[in-house]
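S.K.: Here you go, my_file-v4.tsv (TSV, C-alpha atoms):
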```tsv
chain	number	residue	atom	x	y	z
A	1	MET	CA	-35.71	21.89	58.34
A	2	LYS	CA	-33.32	19.28	59.68
A	3	SER	CA	-33.20	17.51	56.32
A	4	LEU	CA	-32.44	20.85	54.62
A	5	LYS	CA	-29.48	21.39	56.94
A	6	VAL	CA	-28.19	17.90	56.17
A	7	PHE	CA	-28.54	18.59	52.45
A	8	LEU	CA	-26.62	21.88	52.75
A	9	VAL	CA	-23.85	20.20	54.73
A	10	VAL	CA	-23.52	17.46	52.09
A	11	LEU	CA	-23.51	20.09	49.35
A	12	LEU	CA	-20.78	22.10	51.08
A	13	LEU	CA	-18.69	18.97	51.59
A	14	ALA	CA	-19.07	18.03	47.92
A	15	ALA	CA	-18.11	21.54	46.82
A	16	GLY	CA	-15.13	21.49	49.13
A	17	GLY	CA	-14.08	18.10	47.82
A	18	ALA	CA	-14.33	19.29	44.23
A	19	ALA	CA	-12.33	22.42	45.02
A	20	TYR	CA	-9.65	20.34	46.74
A	21	TYR	CA	-9.47	17.99	43.73
A	22	PHE	CA	-9.12	20.73	41.13
A	23	PHE	CA	-6.97	23.23	43.03
A	24	VAL	CA	-4.86	21.01	45.32
A	25	TYR	CA	-4.82	17.37	44.20
A	26	LEU	CA	-4.50	17.85	40.41
A	27	PRO	CA	-1.58	20.34	40.60
A	28	ALA	CA	0.23	17.91	42.90
A	29	HIS	CA	-0.62	14.89	40.71
A	30	PRO	CA	-0.35	16.07	37.08
A	31	LYS	CA	-2.08	13.93	34.49
A	32	ILE	CA	0.14	11.85	32.22
A	33	HIS	CA	-0.73	13.39	28.90
A	34	GLU	CA	-1.27	11.37	25.75
A	35	THR	CA	1.53	11.09	23.23
A	36	ALA	CA	0.66	11.62	19.57
A	37	TYR	CA	2.43	12.02	16.24
A	38	VAL	CA	1.92	14.45	13.40
A	39	LEU	CA	0.06	12.80	10.51
A	40	PRO	CA	0.60	14.97	7.38
A	41	SER	CA	4.02	15.90	6.01
A	42	SER	CA	3.62	19.42	7.42
A	43	VAL	CA	1.06	21.19	9.60
A	44	PRO	CA	1.16	24.62	11.36
A	45	LEU	CA	1.16	24.88	15.14
A	46	ILE	CA	-0.85	28.02	15.98
A	47	ASP	CA	-1.12	30.09	19.12
A	48	SER	CA	-4.91	30.37	19.11
A	49	ARG	CA	-7.98	28.68	17.69
A	50	ALA	CA	-9.36	32.09	16.79
A	51	GLU	CA	-9.72	33.10	13.15
A	52	ILE	CA	-6.85	35.55	13.61
A	53	HIS	CA	-3.82	33.70	14.93
A	54	ASN	CA	-0.08	33.38	14.61
A	55	VAL	CA	1.87	30.35	13.41
A	56	ILE	CA	4.35	29.30	16.07
A	57	GLU	CA	6.16	26.82	13.83
A	58	SER	CA	5.56	24.13	11.22
A	59	LEU	CA	5.38	20.56	12.52
A	60	LYS	CA	6.77	17.75	10.38
A	61	GLY	CA	5.19	14.38	9.65
A	62	GLY	CA	6.04	11.80	12.31
A	63	GLU	CA	7.04	14.43	14.87
A	64	ARG	CA	6.24	13.44	18.46
A	65	VAL	CA	4.00	15.78	20.49
A	66	GLU	CA	2.15	15.75	23.81
A	67	ILE	CA	-1.59	16.41	23.96
A	68	LEU	CA	-2.45	18.59	26.98
A	69	SER	CA	-6.16	18.79	26.20
A	70	GLU	CA	-8.70	18.36	23.42
A	71	ASP	CA	-11.67	20.57	22.70
A	72	ASN	CA	-14.03	20.95	19.71
A	73	ASN	CA	-11.80	19.07	17.25
A	74	TRP	CA	-8.71	20.95	18.43
A	75	ALA	CA	-5.78	19.66	20.47
A	76	HIS	CA	-3.62	21.78	22.75
A	77	LEU	CA	-0.06	20.49	22.33
A	78	ARG	CA	3.26	20.73	24.06
A	79	LEU	CA	6.42	20.11	22.04
A	80	PRO	CA	9.58	18.48	23.42
A	81	ASP	CA	11.20	21.95	23.63
A	82	GLY	CA	8.31	23.25	25.78
A	83	LYS	CA	6.48	25.27	23.12
A	84	ARG	CA	2.68	25.07	23.24
A	85	GLY	CA	0.06	25.60	20.60
A	86	TRP	CA	-3.02	24.27	18.83
A	87	VAL	CA	-3.51	21.77	15.98
A	88	GLU	CA	-6.69	20.21	14.60
A	89	THR	CA	-7.05	16.66	15.94
A	90	GLN	CA	-7.53	15.25	12.42
A	91	TYR	CA	-3.82	15.93	11.82
A	92	LEU	CA	-2.67	13.77	14.73
A	93	MET	CA	-2.02	10.04	15.00
A	94	ASP	CA	-2.25	8.20	18.31
A	95	SER	CA	0.84	6.42	19.61
A	96	GLU	CA	-0.65	2.93	19.11
A	97	THR	CA	-1.20	3.56	15.40
A	98	TYR	CA	2.24	5.11	15.01
A	99	GLU	CA	3.94	2.15	16.69
A	100	GLY	CA	1.92	-0.25	14.52
A	101	GLY	CA	3.18	1.56	11.43
A	102	GLN	CA	6.76	1.27	12.69
A	103	ARG	CA	6.34	-2.49	13.18
A	104	LEU	CA	4.91	-2.83	9.69
A	105	GLN	CA	7.89	-0.93	8.28
A	106	LYS	CA	10.23	-3.34	10.10
A	107	GLU	CA	8.42	-6.37	8.66
A	108	LEU	CA	9.21	-5.23	5.11
A	109	GLU	CA	12.96	-5.50	5.69
A	110	GLY	CA	14.29	-8.41	3.66
A	111	ILE	CA	11.22	-8.60	1.40
A	112	PRO	CA	12.03	-7.65	-2.20
A	113	VAL	CA	9.95	-5.00	-3.95
A	114	GLN	CA	7.49	-6.80	-6.24
A	115	ALA	CA	6.45	-3.82	-8.38
A	116	MET	CA	6.59	-0.04	-8.63
A	117	GLY	CA	3.60	2.22	-9.03
A	118	HIS	CA	1.92	5.46	-8.12
A	119	THR	CA	-1.35	6.65	-6.63
A	120	SER	CA	-4.02	7.44	-9.21
A	121	TYR	CA	-5.89	9.74	-6.80
A	122	ASP	CA	-5.55	11.16	-3.30
A	123	VAL	CA	-5.73	7.98	-1.21
A	124	ASN	CA	-5.50	6.79	2.38
A	125	LEU	CA	-2.51	4.82	3.65
A	126	ARG	CA	-3.88	2.54	6.37
A	127	LEU	CA	-2.41	0.35	9.09
A	128	ALA	CA	-4.56	-2.64	8.07
A	129	PRO	CA	-6.06	-3.70	4.71
A	130	SER	CA	-9.52	-2.35	5.50
A	131	ARG	CA	-11.54	0.77	4.89
A	132	ASP	CA	-11.85	0.90	8.69
A	133	GLY	CA	-8.09	0.60	9.26
A	134	SER	CA	-6.33	3.32	11.24
A	135	LEU	CA	-5.11	6.15	9.04
A	136	LEU	CA	-1.33	6.45	8.74
A	137	GLU	CA	-1.15	9.15	6.08
A	138	ARG	CA	-3.14	10.83	3.34
A	139	LEU	CA	-1.23	10.29	0.10
A	140	SER	CA	-1.51	12.78	-2.71
A	141	ARG	CA	-2.07	11.87	-6.33
A	142	ASN	CA	1.00	10.59	-8.23
A	143	GLN	CA	2.79	9.58	-5.02
A	144	SER	CA	5.42	6.96	-5.89
A	145	LEU	CA	4.89	3.55	-4.29
A	146	ARG	CA	6.94	0.40	-3.79
A	147	VAL	CA	4.65	-2.64	-3.76
A	148	PHE	CA	5.50	-5.58	-1.47
A	149	GLY	CA	2.32	-7.59	-1.17
A	150	ARG	CA	-1.38	-7.96	-1.93
A	151	ARG	CA	-4.33	-9.15	0.10
A	152	LEU	CA	-7.98	-9.78	-0.66
A	153	VAL	CA	-10.40	-8.99	2.17
A	154	PRO	CA	-14.20	-8.74	2.43
A	155	ARG	CA	-15.32	-5.21	1.73
A	156	SER	CA	-16.09	-3.42	4.97
A	157	ALA	CA	-18.66	-0.75	5.65
A	158	GLY	CA	-15.97	1.86	6.27
A	159	GLY	CA	-15.67	5.21	4.58
A	160	ALA	CA	-15.17	5.67	0.86
A	161	GLU	CA	-11.65	5.41	-0.48
A	162	GLY	CA	-10.63	7.76	-3.27
A	163	PRO	CA	-12.87	10.18	-5.21
A	164	ALA	CA	-16.63	9.84	-5.33
A	165	SER	CA	-16.49	8.60	-8.93
A	166	THR	CA	-14.55	5.48	-7.90
A	167	ALA	CA	-15.57	5.04	-4.28
A	168	GLU	CA	-17.74	2.11	-3.33
A	169	THR	CA	-19.59	3.04	-0.19
A	170	ALA	CA	-22.25	0.33	-0.22
A	171	PRO	CA	-20.82	-2.92	1.13
A	172	ALA	CA	-21.73	-6.24	-0.45
A	173	SER	CA	-21.40	-9.43	1.58
A	174	SER	CA	-19.73	-11.32	-1.27
A	175	ALA	CA	-17.56	-8.44	-2.54
A	176	LEU	CA	-13.81	-8.39	-1.95
A	177	ASP	CA	-11.35	-5.52	-1.91
A	178	ALA	CA	-7.78	-5.99	-3.12
A	179	TRP	CA	-5.23	-4.07	-1.05
A	180	TYR	CA	-1.54	-3.46	-1.72
A	181	LEU	CA	1.10	-3.46	1.00
A	182	VAL	CA	3.34	-0.54	0.02
A	183	GLU	CA	6.02	1.87	1.04
A	184	ALA	CA	5.32	5.53	0.34
A	185	GLY	CA	8.35	7.61	1.15
A	186	SER	CA	9.51	6.41	4.55
A	187	ARG	CA	6.13	5.04	5.69
A	188	ALA	CA	4.64	1.58	5.11
A	189	GLY	CA	0.96	0.69	5.00
A	190	TRP	CA	-1.96	-0.59	2.94
A	191	VAL	CA	-3.74	1.18	0.07
A	192	LEU	CA	-6.77	0.12	-1.92
A	193	GLY	CA	-5.44	-1.61	-5.03
A	194	LYS	CA	-7.87	-0.12	-7.53
A	195	LEU	CA	-6.49	3.34	-6.72
A	196	VAL	CA	-2.93	2.36	-7.67
A	197	THR	CA	-1.39	2.35	-11.16
A	198	LEU	CA	1.58	0.05	-11.67
A	199	ASP	CA	4.55	1.50	-13.56
A	200	ILE	CA	5.82	-1.36	-15.74
A	201	PRO	CA	9.37	-0.83	-17.04
A	202	GLN	CA	9.36	0.54	-20.55
A	203	GLY	CA	11.40	-2.32	-22.00
A	204	ILE	CA	8.83	-4.97	-21.10
A	205	SER	CA	5.67	-2.86	-21.09
A	206	ALA	CA	4.79	-3.99	-24.63
A	207	TYR	CA	4.57	-7.57	-23.36
A	208	ALA	CA	2.00	-6.49	-20.78
A	209	GLN	CA	-0.55	-5.23	-23.32
A	210	ASN	CA	-2.36	-8.58	-23.42
A	211	TYR	CA	-1.60	-9.57	-19.83
A	212	ASN	CA	-2.30	-8.19	-16.39
A	213	MET	CA	1.32	-7.86	-15.28
A	214	VAL	CA	1.38	-7.53	-11.49
A	215	ALA	CA	5.05	-7.99	-10.53
A	216	TRP	CA	8.53	-7.83	-12.01
A	217	LEU	CA	11.89	-8.38	-10.35
A	218	VAL	CA	15.37	-7.89	-11.76
A	219	LEU	CA	17.25	-11.20	-11.96
A	220	ASN	CA	20.56	-9.72	-13.13
A	221	THR	CA	22.00	-7.29	-15.65
A	222	VAL	CA	23.87	-7.92	-18.89
A	223	ASP	CA	26.31	-5.67	-20.69
A	224	ASP	CA	25.26	-4.06	-23.96
A	225	ASN	CA	28.12	-1.86	-25.20
A	226	GLY	CA	28.83	-0.58	-21.70
A	227	ARG	CA	25.17	-0.23	-20.73
A	228	GLN	CA	23.86	-2.56	-18.04
A	229	VAL	CA	20.45	-3.88	-19.08
A	230	PRO	CA	18.24	-5.68	-16.52
A	231	GLN	CA	16.75	-9.13	-17.12
A	232	TYR	CA	13.45	-9.86	-15.40
A	233	VAL	CA	11.15	-12.46	-13.96
A	234	ALA	CA	7.61	-11.10	-14.35
A	235	ALA	CA	4.29	-12.35	-12.99
A	236	ASP	CA	0.83	-11.97	-14.51
A	237	ARG	CA	-2.65	-12.62	-13.16
A	238	GLU	CA	-5.22	-13.98	-15.59
A	239	GLY	CA	-8.95	-13.52	-15.16
A	240	THR	CA	-10.30	-12.79	-11.68
A	241	GLU	CA	-8.21	-15.33	-9.79
A	242	GLU	CA	-7.91	-14.61	-6.08
A	243	CYS	CA	-4.25	-15.66	-5.99
A	244	ASP	CA	-1.58	-13.03	-6.57
A	245	PHE	CA	-0.37	-14.44	-9.90
A	246	THR	CA	-1.15	-17.31	-12.25
A	247	HIS	CA	1.60	-17.04	-14.86
A	248	ILE	CA	5.30	-16.15	-14.97
A	249	ARG	CA	7.70	-15.16	-17.74
A	250	VAL	CA	11.43	-14.56	-17.80
A	251	PHE	CA	12.70	-11.81	-20.11
A	252	THR	CA	16.31	-11.91	-21.29
A	253	TRP	CA	18.05	-9.19	-23.27
A	254	GLY	CA	19.40	-9.75	-26.76
A	255	ALA	CA	22.18	-7.21	-27.41
A	256	LYS	CA	22.31	-8.11	-31.09
A	257	GLU	CA	18.58	-7.69	-31.56
A	258	GLY	CA	18.34	-4.75	-29.18
A	259	GLN	CA	15.20	-6.08	-27.49
A	260	TYR	CA	13.85	-8.49	-24.92
A	261	ALA	CA	12.94	-12.09	-25.66
A	262	THR	CA	10.77	-14.45	-23.62
A	263	ALA	CA	13.15	-17.10	-22.31
A	264	TYR	CA	10.70	-19.00	-20.13
A	265	VAL	CA	6.93	-19.24	-19.58
A	266	GLU	CA	4.92	-21.19	-17.01
A	267	SER	CA	1.14	-21.04	-16.58
A	268	ASN	CA	-1.65	-22.46	-14.40
A	269	LEU	CA	0.00	-21.36	-11.17
A	270	LYS	CA	-1.57	-20.37	-7.87
A	271	GLY	CA	1.10	-17.98	-6.66
A	272	SER	CA	1.46	-15.65	-3.69
A	273	PHE	CA	3.81	-12.73	-3.12
A	274	PRO	CA	6.61	-12.25	-2.46
A	275	ILE	CA	8.64	-13.68	-5.32
A	276	GLN	CA	12.21	-14.04	-4.02
A	277	VAL	CA	15.39	-13.43	-6.02
A	278	ASP	CA	18.85	-14.54	-4.85
A	279	HIS	CA	22.29	-15.03	-6.35
A	280	SER	CA	24.71	-17.91	-5.88
A	281	ASP	CA	28.18	-17.97	-7.48
A	282	GLY	CA	27.07	-15.20	-9.82
A	283	VAL	CA	24.00	-17.13	-10.99
A	284	ALA	CA	20.51	-15.67	-10.50
A	285	GLU	CA	17.98	-17.80	-8.64
A	286	PHE	CA	14.30	-17.13	-8.04
A	287	ARG	CA	11.63	-18.96	-6.09
A	288	LEU	CA	7.86	-18.90	-6.23
A	289	ARG	CA	5.43	-19.42	-3.35
A	290	LEU	CA	2.68	-21.64	-4.77
A	291	VAL	CA	-0.30	-23.75	-3.78
A	292	ASP	CA	-0.37	-27.12	-5.59
A	293	ALA	CA	-3.33	-29.16	-6.79
A	294	LYS	CA	-3.70	-30.69	-3.31
A	295	ASP	CA	-3.79	-27.24	-1.67
A	296	ARG	CA	-0.32	-27.71	-0.17
A	297	LYS	CA	2.03	-24.77	0.18
A	298	ILE	CA	5.20	-25.35	-1.83
A	299	GLN	CA	8.10	-23.42	-3.33
A	300	LYS	CA	9.43	-23.92	-6.84
A	301	VAL	CA	13.02	-22.84	-7.39
A	302	TYR	CA	14.63	-21.81	-10.69
A	303	LYS	CA	18.01	-20.66	-11.97
A	304	LEU	CA	18.87	-18.44	-14.91
A	305	VAL	CA	22.03	-19.90	-16.46
A	306	ASP	CA	23.19	-17.65	-19.28
A	307	LYS	CA	19.83	-17.17	-21.04
A	308	VAL	CA	18.33	-20.53	-20.07
A	309	VAL	CA	15.93	-20.98	-17.13
A	310	ARG	CA	16.44	-24.28	-15.33
A	311	PRO	CA	13.81	-25.47	-12.79
A	312	GLN	CA	15.63	-26.79	-9.72
A	313	GLY	CA	12.85	-28.60	-7.90
A	314	ILE	CA	10.21	-28.22	-5.21
A	315	ILE	CA	10.43	-27.48	-1.48
A	316	GLU	CA	7.60	-28.15	1.00
A	317	GLY	CA	6.23	-25.07	2.75
A	318	TRP	CA	6.91	-21.37	2.28
A	319	ALA	CA	9.33	-20.70	5.14
A	320	SER	CA	12.47	-22.57	4.06
A	321	ARG	CA	15.17	-20.84	2.02
A	322	ALA	CA	17.00	-24.11	1.27
A	323	MET	CA	17.63	-25.38	-2.25
A	324	PRO	CA	15.93	-28.57	-3.46
A	325	VAL	CA	18.02	-31.69	-2.89
A	326	GLY	CA	20.42	-32.29	-5.79
A	327	ALA	CA	19.69	-28.95	-7.47
A	328	GLU	CA	23.27	-27.65	-7.41
A	329	ARG	CA	24.69	-30.97	-8.56
A	330	SER	CA	22.21	-31.04	-11.43
A	331	VAL	CA	23.28	-27.60	-12.67
A	332	ARG	CA	26.99	-28.41	-12.49
A	333	ARG	CA	26.45	-31.66	-14.42
A	334	ARG	CA	24.66	-29.79	-17.21
A	335	ARG	CA	27.51	-27.32	-17.48
A	336	ARG	CA	30.06	-30.09	-17.91
A	337	THR	CA	28.04	-32.00	-20.52
A	338	PRO	CA	29.20	-31.32	-24.11
A	339	GLN	CA	26.79	-29.32	-26.20
A	340	GLY	CA	25.85	-32.22	-28.47
A	341	ARG	CA	25.10	-34.70	-25.66
A	342	ARG	CA	22.44	-32.81	-23.69
```
Please render this file's structure as structure tokens.
M.R.:
Amino acid sequence: MKSLKVFLVVLLLAAGGAAYYFFVYLPAHPKIHETAYVLPSSVPLIDSRAEIHNVIESLKGGERVEILSEDNNWAHLRLPDGKRGWVETQYLMDSETYEGGQRLQKELEGIPVQAMGHTSYDVNLRLAPSRDGSLLERLSRNQSLRVFGRRLVPRSAGGAEGPASTAETAPASSALDAWYLVEAGSRAGWVLGKLVTLDIPQGISAYAQNYNMVAWLVLNTVDDNGRQVPQYVAADREGTEECDFTHIRVFTWGAKEGQYATAYVESNLKGSFPIQVDHSDGVAEFRLRLVDAKDRKIQKVYKLVDKVVRPQGIIEGWASRAMPVGAERSVRRRRRTPQGRR
């Protein structure tokens, strides 16, 4: 009997403690609710999870919200203006992922666009180049993309990317996935490369029929009867090389002929994005990030003078933006040399 009384006393104390916690302590010490961000471009905030409900308002992609509670795949939200409602949790992005996407967007500043393209299917934009990477956005088919980089990574066991007909759900230890670092609208992230179609400019697309053109950058423009026509440095990748490109070509415009001509070709390269384009004294310069035969990282620098490409030299490493020693002097000397004495 005595032990029963002790048990009842303990039980009453526990019940009293629980009541105090829920009805006294919690109201006086409100929980700091989790911050989240809206994932799709638009999603309705509703007043009830019931089948019959009212739409309070439409939330926009990237909008900041506060999660008050989560239950059965639904989140109860509070907006900055105090409005409350319900949204499915699949449409929300946690603050860590959102901030990671913002940092990635910042990293792209100063990097030139390497190519333009579009999504071939509905695809996932991810924070990291992995099928397991945090989801930043679900991109619809034919979404325009600006391509900044490419990375090869071992294929993970994550979910399928793209439609069932192209998805590869069974991982292979030796298989690699190619991912593109892209901007889609105002958001940056990674998409599976095989689900992207590159949109090669019409003027040079004929030259890509026998090559896998993977990048093209405008060097400058030339006047053709008042029309400014771009001249390009383009990069191709031959075979199944793991590097970003193996071959470059420079296309210059012939106003008289009304078409592009190949002004320069260089093969057997081990190149990595990004290709950089600069201008000095009105002259277009471009530099390639390469790995040489001794596996050293180097840069090769070139100038387009009129319609002639002039290699300027090599720089050690990928970080420097300096010109090779003597490069400027070499160009000026060539300009002063009479035509017949070159």
S.K.: Please provide as a count of residues only all residues within 6 Å of segment 246-260 of chain A, with the sequence filter that same-chain residues fewer than 6 positions apart are discarded (counting all atoms listed in the file).
M.R.: 13
S.K.: Could you state the separation of atom CA of Val325 of chain A and atom CA of Gly282 of chain A in Å, given to one decimal place?
M.R.: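 Atom-to-atom, atom CA of Val325 of chain A and atom CA of Gly282 of chain A are spaced 20.0 Å apart.
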S.K.: Write out as CSV a residue-level contact list of segment 199-229 of chain A versus segment 286-292 of chain A with cut-off 12 Å: for each qualifying residue the closest pair of atoms and the distance in Å to one decimal, counting all atoms listed in the file, rows sorted by chain and residue number upward.
M.R.:
```
residue,atom,partner,partner_atom,distance
A:Trp216,CA,A:Phe286,CA,11.6
A:Leu217,CA,A:Phe286,CA,9.4
A:Val218,CA,A:Phe286,CA,10.0
A:Leu219,CA,A:Phe286,CA,7.7
A:Asn220,CA,A:Phe286,CA,11.0
```
S.K.: Record the distance separating atom CA of Asn124 of chain A and atom CA of Leu139 of chain A, expressed in Å with one decimal.
M.R.: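 Those two atoms sit 6.0 Å apart.
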S.K.: List as a compact mmCIF listing (two decimals) with C-alpha atoms, in the frame of the given file the protein and nucleic acid residues near Leu195 of chain A, meaning an atom at most 9 Å away when only C-alpha atoms are counted, but skip any in the same chain fewer than 2 places from it.
M.R.:
```txt
# COMPACT_ATOMS: atom_id res chain seq x y z
CA HIS A 118 1.92 5.46 -8.12
CA THR A 119 -1.35 6.65 -6.63
CA SER A 120 -4.02 7.44 -9.21
CA TYR A 121 -5.89 9.74 -6.80
CA ASP A 122 -5.55 11.16 -3.30
CA VAL A 123 -5.73 7.98 -1.21
CA GLU A 161 -11.65 5.41 -0.48
CA GLY A 162 -10.63 7.76 -3.27
CA THR A 166 -14.55 5.48 -7.90
CA VAL A 191 -3.74 1.18 0.07
CA LEU A 192 -6.77 0.12 -1.92
CA GLY A 193 -5.44 -1.61 -5.03
CA THR A 197 -1.39 2.35 -11.16
```
S.K.: Would you kindly identify which residues have an atom no farther than 7 Å from (-0.7, 7.5, 14.9), using all atoms listed in the file and the file's own coordinates, and write them out as an NGL selection string?
M.R.: :A and (36-37 or 39 or 92-98 or 136)
S.K.: Please report the interatomic distance between atom CA of Ile200 of chain A and atom CA of Pro274 of chain A in Å with one decimal.
M.R.: 17.2 Å
S.K.: Just want the 12 Å neighbourhood of Val283 of chain A, counted on only C-alpha atoms, with same-chain residues fewer than 6 positions away dropped. Output as JSON, numbers by chain.
M.R.: {"A": [219, 220, 221, 277, 302, 303, 304, 305, 306, 307, 308, 309, 310, 328, 331, 332]}
S.K.: Using all atoms listed in the file, pick whichever of A:Ala188, A:Leu181, A:Val87, A:Ala128 has the shortest atom-to-atom distance to Asn73 of chain A.
M.R.: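 When distances to Asn73 of chain A are compared using all atoms listed in the file, the smallest one comes from A:Val87.
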S.K.: If you count only C-alpha atoms, which residues fall within 12 Å of Pro129 of chain A, apart from same-chain ones fewer than 5 positions away, as a count of residues only?
M.R.: 27
